[in-house]
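A quick write-up on the structure given underneath.
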Amino acid sequence: MDKLTLPAPAKLNLWLHIIGRRADGYHELETVFQFLDYADHLTFAVRDDGQVRLQTAINGVDHDSNLIVRAARQLQAQSGCTLGVDIWLDKILPMGGGIGGGSSDAATTLLGLNHLWQLGWDADRLAQLGLSLGADVPVFVHGHAAFAQGVGEQLTPVDPEQPWYVVLVPQVSVSTAEIFSHPQLTRDSLPLKMRPVPEGNSRNDCQPVVEQSYPEVRNALNLLGKYTEARLTGTGSCVFGAFPSKAEADKVLALLSETQTGFVAKGSNISMLHQQLQSLL
Ligand SMILES: C[C@@](CO)(OP(=O)(O)O)[C@H](O)COP(=O)(O)OP(=O)(O)OC[C@H]1O[C@@H](n2ccc(N)nc2=O)[C@H](O)[C@@H]1O
Ligand SMILES: Nc1ncnc2c1ncn2[C@@H]1O[C@H](COP(=O)(O)OP(=O)(O)O)[C@@H](O)[C@H]1O
């Protein structure tokens with residue numbers, strides 16, 4: 001059987017407001033997701049024996065807990081498919097950085113296997129399955145930049161500008177659970193009246209507590225903030241700033257490279273996964 005290789009791109013939260021907390025403790029958000037042209041790559045080869053095997057290990061994540069394996073097994077169980085798959089992962093995206101690598105890997109697995117196993121599921125059904133794996137999975141399944149509500153699953157497509165970004169990757173791992181349970185996290189941003197969204201006055205409500213707990217993140221924000229508005233994505237640790245051209249973004253990253261790790265990528269309102277899937281159909 002032929003192999004199929006697909007990208008799993010990163011996302012940014014261009015801003016993120018916390019507007020409340022549900023009875024189950026989860027936070028209600030309003031956020032805008034945009035994709036980056038910077039991605040992991042997954043290669044799939046169908047197996048006839050029904051086994052799901054991830055052939056590439058990631059440090060600190062067991063085979064069976066990897067979101068790729070969990071996504072494949074759930075799709076197999078819910079569709080009743082008798083085929084299996086071998087999967088190889090080229091891991092590029094920093095883990096736990098708020099750029100959604102695990103969720104994106106899961107979404108690429110769902111879309112890739114839906115195609116290879118010829119299941120014919122539509123995007124809504126795949127996104128619903130994906131939501132049980134992580135709040136960010138649905139936006140990667142749909143593949144369009146979006147204004148998101150709820151825990152991130154109620155999506156309205158939007159088309160923000162698509163600048164070049166410098167993304168800095170502070171070498172600390174920020175726990176999403178720790179930030180969402182922080183006593184000083186503000187949870188009372190007003191829901192937006194005009195949707196989709198004015199850019200003015202937007203912010204990331206997680207940023208103050210992350211900056212307070214992680215000096216490396218504050219330092220990265222201060223350094224990038226000398227050149228453009230710098231902001232946290234998700235619960236971090238990555239921070240980003242926009243530039244009008246690749247040349248300007250490259251120049252700033254080079255200036256910061258003595259003390260900072262990072263990358264330059266272009267914002268994209270259609271994910272590179274969906275651009276590639278279009279060409280398969
Ligand atoms: C904050 C966001 C914004 O895009 O991105 P990341 O920084 O993770 O990329 C997401 O909402 C992250 O969603 P997700 O990735 O599913 O969160 P998880 O790791 O499952 O959540 C870990 C814990 O954080 C808390 N949590 C998470 C999401 C949410 N809306 N409210 C919460 O209170 C819960 O206690 C949960 O058990
Ligand atoms: N395929 C995967 N890629 C990355 N992380 C994974 C994967 N599968 C499970 N995980 C777990 O999910 C956690 C969050 O990863 P990631 O999605 O990269 O970060 P974030 O949610 O901050 O954007 C990791 O620390 C890891 O324990």
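Chain labels run A, B, ... following the order of the structure tokens; each chain numbers its residues from 1, and ligands are numbered from 1 in the order shown.
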Once DSSP has gone over the backbone, tell me which residues of range 86-171 of chain A are in strand (DSSP E or B), as a PyMOL selection string.
chain A and resi 86-90+144+146-149+154-157+164-168
If we count only C-alpha atoms and set the cut-off at 7 Å, which residues sit around Glu153 in chain A, ignoring sequence neighbours fewer than 5 positions away in its own chain? Please answer as a PyMOL selection string.
chain A and resi 135+138+148
Could you check which of A:Cys81, A:Val209, A:Leu36, A:Leu113 is closest to Ile68 in chain A, using only C-alpha atoms?
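For Ile68 in chain A, the nearest of the candidates is A:Leu113.
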Name all residues at most 8 Å from Ala107 in chain A (count only C-alpha atoms; drop same-chain ones fewer than 3 positions away) and give them as a list in words.
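So the residues in contact are Ala8, Ala71, Ser103, Ser104, Leu110, Leu111, Gly130, Val137, Pro138, Phe140 and Val141 of chain A.
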Between A:Ile18, A:Leu280, A:Leu4, A:Ala10, single out the one closest to ligand 2, counting only C-alpha atoms and all ligand atoms.
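Using only C-alpha atoms and all ligand atoms, the shortest distance to ligand 2 belongs to A:Ala10.
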Contact residues around Leu119 in chain A with only C-alpha atoms at 12 Å, ignoring same-chain residues under 3 positions, as a PyMOL selection string
chain A and resi 75-76+78-83+110-116+122-123+125-126
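Once only C-alpha atoms and all ligand atoms are used for the distance check, the residues close to ligand 1 at 6 Å turn out to be Gly25, Tyr26, His27, Glu28, Gly98, Ile99, Gly100, Gly134, Ala135, Asp136, Val151, Thr176, Ala177, Phe180, Gly234, Thr235 and Gly236 of chain A.
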Those same residues - all heavy atoms - I'd like them written as an mmCIF file, in the first residue's frame.
```cif
data_model
loop_
_atom_site.group_PDB
_atom_site.id
_atom_site.type_symbol
_atom_site.label_atom_id
_atom_site.label_comp_id
_atom_site.auth_asym_id
_atom_site.auth_seq_id
_atom_site.Cartn_x
_atom_site.Cartn_y
_atom_site.Cartn_z
ATOM 1 N N GLY A 25 -15.764 23.085 35.919
ATOM 2 C CA GLY A 25 -14.428 23.660 36.146
ATOM 3 C C GLY A 25 -13.756 24.150 34.873
ATOM 4 O O GLY A 25 -12.811 24.939 34.932
ATOM 5 N N TYR A 26 -14.202 23.693 33.720
ATOM 6 C CA TYR A 26 -13.604 24.160 32.453
ATOM 7 C C TYR A 26 -13.938 25.629 32.208
ATOM 8 O O TYR A 26 -15.005 26.101 32.599
ATOM 9 C CB TYR A 26 -14.103 23.297 31.276
ATOM 10 C CG TYR A 26 -13.114 22.198 30.934
ATOM 11 C CD1 TYR A 26 -13.006 21.063 31.724
ATOM 12 C CD2 TYR A 26 -12.262 22.324 29.847
ATOM 13 C CE1 TYR A 26 -12.079 20.063 31.430
ATOM 14 C CE2 TYR A 26 -11.328 21.344 29.549
ATOM 15 C CZ TYR A 26 -11.248 20.218 30.345
ATOM 16 O OH TYR A 26 -10.319 19.253 30.056
ATOM 17 N N HIS A 27 -13.034 26.318 31.577
ATOM 18 C CA HIS A 27 -13.207 27.751 31.342
ATOM 19 C C HIS A 27 -13.826 28.022 29.989
ATOM 20 O O HIS A 27 -13.465 27.375 29.002
ATOM 21 C CB HIS A 27 -11.856 28.463 31.464
ATOM 22 C CG HIS A 27 -11.370 28.498 32.875
ATOM 23 N ND1 HIS A 27 -10.903 27.369 33.515
ATOM 24 C CD2 HIS A 27 -11.315 29.501 33.789
ATOM 25 C CE1 HIS A 27 -10.575 27.685 34.759
ATOM 26 N NE2 HIS A 27 -10.815 28.979 34.950
ATOM 27 N N GLU A 28 -14.744 28.995 29.995
ATOM 28 C CA GLU A 28 -15.330 29.423 28.726
ATOM 29 C C GLU A 28 -14.469 30.513 28.133
ATOM 30 O O GLU A 28 -14.156 31.500 28.808
ATOM 31 C CB GLU A 28 -16.742 29.939 28.954
ATOM 32 C CG GLU A 28 -17.703 28.809 29.243
ATOM 33 C CD GLU A 28 -19.105 29.350 29.370
ATOM 34 O OE1 GLU A 28 -19.445 29.767 30.481
ATOM 35 O OE2 GLU A 28 -19.815 29.378 28.355
ATOM 36 N N GLY A 98 1.737 25.843 23.560
ATOM 37 C CA GLY A 98 0.547 26.628 23.230
ATOM 38 C C GLY A 98 0.348 26.803 21.736
ATOM 39 O O GLY A 98 -0.488 27.606 21.307
ATOM 40 N N ILE A 99 1.098 26.008 20.927
ATOM 41 C CA ILE A 99 0.872 26.093 19.480
ATOM 42 C C ILE A 99 0.164 24.836 18.949
ATOM 43 O O ILE A 99 0.043 24.664 17.737
ATOM 44 C CB ILE A 99 2.159 26.412 18.676
ATOM 45 C CG1 ILE A 99 3.252 25.387 18.919
ATOM 46 C CG2 ILE A 99 2.662 27.821 19.019
ATOM 47 C CD1 ILE A 99 4.458 25.595 17.994
ATOM 48 N N GLY A 100 -0.305 23.995 19.886
ATOM 49 C CA GLY A 100 -1.296 22.981 19.530
ATOM 50 C C GLY A 100 -0.788 21.756 18.789
ATOM 51 O O GLY A 100 -1.576 21.088 18.104
ATOM 52 N N GLY A 134 -9.317 16.738 22.737
ATOM 53 C CA GLY A 134 -8.761 18.030 23.141
ATOM 54 C C GLY A 134 -9.580 19.162 22.552
ATOM 55 O O GLY A 134 -10.118 19.049 21.451
ATOM 56 N N ALA A 135 -9.648 20.263 23.318
ATOM 57 C CA ALA A 135 -10.500 21.385 22.907
ATOM 58 C C ALA A 135 -10.038 22.035 21.602
ATOM 59 O O ALA A 135 -10.837 22.655 20.895
ATOM 60 C CB ALA A 135 -10.520 22.433 24.021
ATOM 61 N N ASP A 136 -8.750 21.888 21.280
ATOM 62 C CA ASP A 136 -8.229 22.539 20.073
ATOM 63 C C ASP A 136 -8.355 21.667 18.820
ATOM 64 O O ASP A 136 -8.047 22.135 17.720
ATOM 65 C CB ASP A 136 -6.740 22.876 20.258
ATOM 66 C CG ASP A 136 -6.512 23.965 21.290
ATOM 67 O OD1 ASP A 136 -7.474 24.677 21.634
ATOM 68 O OD2 ASP A 136 -5.361 24.094 21.741
ATOM 69 N N VAL A 151 -15.424 25.995 24.922
ATOM 70 C CA VAL A 151 -14.032 25.711 25.290
ATOM 71 C C VAL A 151 -13.152 25.740 24.049
ATOM 72 O O VAL A 151 -12.003 25.312 24.086
ATOM 73 C CB VAL A 151 -13.881 24.363 26.049
ATOM 74 C CG1 VAL A 151 -14.601 24.414 27.390
ATOM 75 C CG2 VAL A 151 -14.341 23.184 25.213
ATOM 76 N N THR A 176 -1.007 23.726 31.307
ATOM 77 C CA THR A 176 -2.308 24.356 31.043
ATOM 78 C C THR A 176 -3.186 24.278 32.297
ATOM 79 O O THR A 176 -3.834 25.256 32.686
ATOM 80 C CB THR A 176 -3.003 23.655 29.853
ATOM 81 O OG1 THR A 176 -2.144 23.772 28.716
ATOM 82 C CG2 THR A 176 -4.346 24.271 29.532
ATOM 83 N N ALA A 177 -3.174 23.109 32.951
ATOM 84 C CA ALA A 177 -4.021 22.919 34.145
ATOM 85 C C ALA A 177 -3.599 23.897 35.253
ATOM 86 O O ALA A 177 -4.448 24.473 35.937
ATOM 87 C CB ALA A 177 -3.912 21.482 34.628
ATOM 88 N N PHE A 180 -4.909 27.420 34.388
ATOM 89 C CA PHE A 180 -6.367 27.551 34.516
ATOM 90 C C PHE A 180 -6.835 27.425 35.963
ATOM 91 O O PHE A 180 -7.961 27.798 36.279
ATOM 92 C CB PHE A 180 -7.096 26.549 33.609
ATOM 93 C CG PHE A 180 -7.237 27.034 32.191
ATOM 94 C CD1 PHE A 180 -6.684 26.346 31.125
ATOM 95 C CD2 PHE A 180 -7.938 28.199 31.910
ATOM 96 C CE1 PHE A 180 -6.818 26.799 29.816
ATOM 97 C CE2 PHE A 180 -8.071 28.670 30.614
ATOM 98 C CZ PHE A 180 -7.511 27.962 29.563
ATOM 99 N N GLY A 234 -2.143 30.752 23.586
ATOM 100 C CA GLY A 234 -2.730 29.765 24.499
ATOM 101 C C GLY A 234 -2.270 30.019 25.922
ATOM 102 O O GLY A 234 -2.240 31.160 26.394
ATOM 103 N N THR A 235 -1.842 28.931 26.600
ATOM 104 C CA THR A 235 -1.268 29.107 27.934
ATOM 105 C C THR A 235 0.254 29.116 27.855
ATOM 106 O O THR A 235 0.937 28.933 28.867
ATOM 107 C CB THR A 235 -1.742 27.987 28.886
ATOM 108 O OG1 THR A 235 -1.476 26.722 28.273
ATOM 109 C CG2 THR A 235 -3.224 28.093 29.171
ATOM 110 N N GLY A 236 0.796 29.356 26.665
ATOM 111 C CA GLY A 236 2.244 29.433 26.481
ATOM 112 C C GLY A 236 2.848 28.036 26.477
ATOM 113 O O GLY A 236 2.138 27.041 26.475
#
```
Return as a PyMOL selection string the full set of residues in range 53-207 of chain A whose backbone-based DSSP assignment is alpha helix (DSSP H).
chain A and resi 67-79+101-116+123-131+137-142+176-180+207
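Close contacts of Leu89 in chain A, defined as residues with an atom at most 7 Å away when counting only C-alpha atoms, with chain neighbours fewer than 4 positions off set aside, comprise His41, Leu42, Thr43 and Thr56 of chain A.
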Report, in Å to a single decimal, how far apart CA of Ala230 in chain A and CA of Leu155 in chain A are.
25.1 Å
Using only C-alpha atoms, which protein or nucleic acid residues come within 12 Å of His144 in chain A? Drop anything in the same chain fewer than 2 positions from it, and give the result as number ranges by chain.
A: 9, 11, 32-36, 123, 138-142, 146-148, 155-160, 267-275
Please produce an output containing C-alpha atoms for each residue in the selection, written as a PDB file, in the first residue's frame.
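To be explicit, this is the file written out as out.pdb:
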```
ATOM      1  CA  PRO A   9       0.420  22.725  11.315  1.00  0.00           C
ATOM      2  CA  LYS A  11      -1.873  27.407  15.570  1.00  0.00           C
ATOM      3  CA  VAL A  32      -9.218  33.657  17.485  1.00  0.00           C
ATOM      4  CA  PHE A  33      -7.232  30.769  16.044  1.00  0.00           C
ATOM      5  CA  GLN A  34      -4.972  31.235  13.040  1.00  0.00           C
ATOM      6  CA  PHE A  35      -2.685  28.588  11.507  1.00  0.00           C
ATOM      7  CA  LEU A  36       1.024  28.819  10.770  1.00  0.00           C
ATOM      8  CA  ALA A 123     -15.835  17.341   9.046  1.00  0.00           C
ATOM      9  CA  PRO A 138     -11.995  20.771  16.085  1.00  0.00           C
ATOM     10  CA  VAL A 139     -10.383  23.912  14.613  1.00  0.00           C
ATOM     11  CA  PHE A 140      -7.604  21.804  13.104  1.00  0.00           C
ATOM     12  CA  VAL A 141     -10.202  19.398  11.664  1.00  0.00           C
ATOM     13  CA  HIS A 142     -12.126  22.254  10.014  1.00  0.00           C
ATOM     14  CA  ALA A 146     -11.866  30.892  13.425  1.00  0.00           C
ATOM     15  CA  PHE A 147     -13.424  32.896  16.201  1.00  0.00           C
ATOM     16  CA  ALA A 148     -14.034  30.270  18.867  1.00  0.00           C
ATOM     17  CA  LEU A 155     -16.298  27.962  15.555  1.00  0.00           C
ATOM     18  CA  THR A 156     -17.087  30.873  13.258  1.00  0.00           C
ATOM     19  CA  PRO A 157     -14.704  31.247  10.283  1.00  0.00           C
ATOM     20  CA  VAL A 158     -12.796  34.550  10.172  1.00  0.00           C
ATOM     21  CA  ASP A 159     -10.166  36.028   7.849  1.00  0.00           C
ATOM     22  CA  PRO A 160      -7.643  38.082   9.804  1.00  0.00           C
ATOM     23  CA  GLY A 267       0.020  33.159   9.275  1.00  0.00           C
ATOM     24  CA  SER A 268      -2.498  31.221   7.216  1.00  0.00           C
ATOM     25  CA  ASN A 269      -6.305  31.297   7.290  1.00  0.00           C
ATOM     26  CA  ILE A 270      -6.537  27.974   5.449  1.00  0.00           C
ATOM     27  CA  SER A 271      -4.420  25.330   7.121  1.00  0.00           C
ATOM     28  CA  MET A 272      -1.689  23.745   5.011  1.00  0.00           C
ATOM     29  CA  LEU A 273      -3.282  20.365   5.794  1.00  0.00           C
ATOM     30  CA  HIS A 274      -6.480  21.422   4.056  1.00  0.00           C
ATOM     31  CA  GLN A 275      -4.575  22.955   1.160  1.00  0.00           C
TER      32      GLN A 275
END
```
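Atom pair CA of Asp86 in chain A / CA of Arg47 in chain A: separated by 6.7 Å.
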Could you name the residues that touch Arg231 in chain A at 12 Å or less, counting only C-alpha atoms, but leaving out those on the same chain fewer than 2 positions away, as a ChimeraX atom specification?
/A:12-16,98,165-168,202-208,210-211,217-225,228-229,233-242
Which residue out of A:Leu29, A:Val172, A:Val85, A:Val52 has the minimum interatomic distance to ligand 2 when only C-alpha atoms and all ligand atoms are used?
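That would be A:Val172, the residue with the smallest distance to ligand 2.
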Taking only C-alpha atoms into account, name the residue in A:Lys91, A:Lys3, A:Lys251, A:Arg73 that is nearest to Asp40 in chain A.
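Once distances to Asp40 in chain A are computed over only C-alpha atoms, the minimum belongs to A:Lys91.
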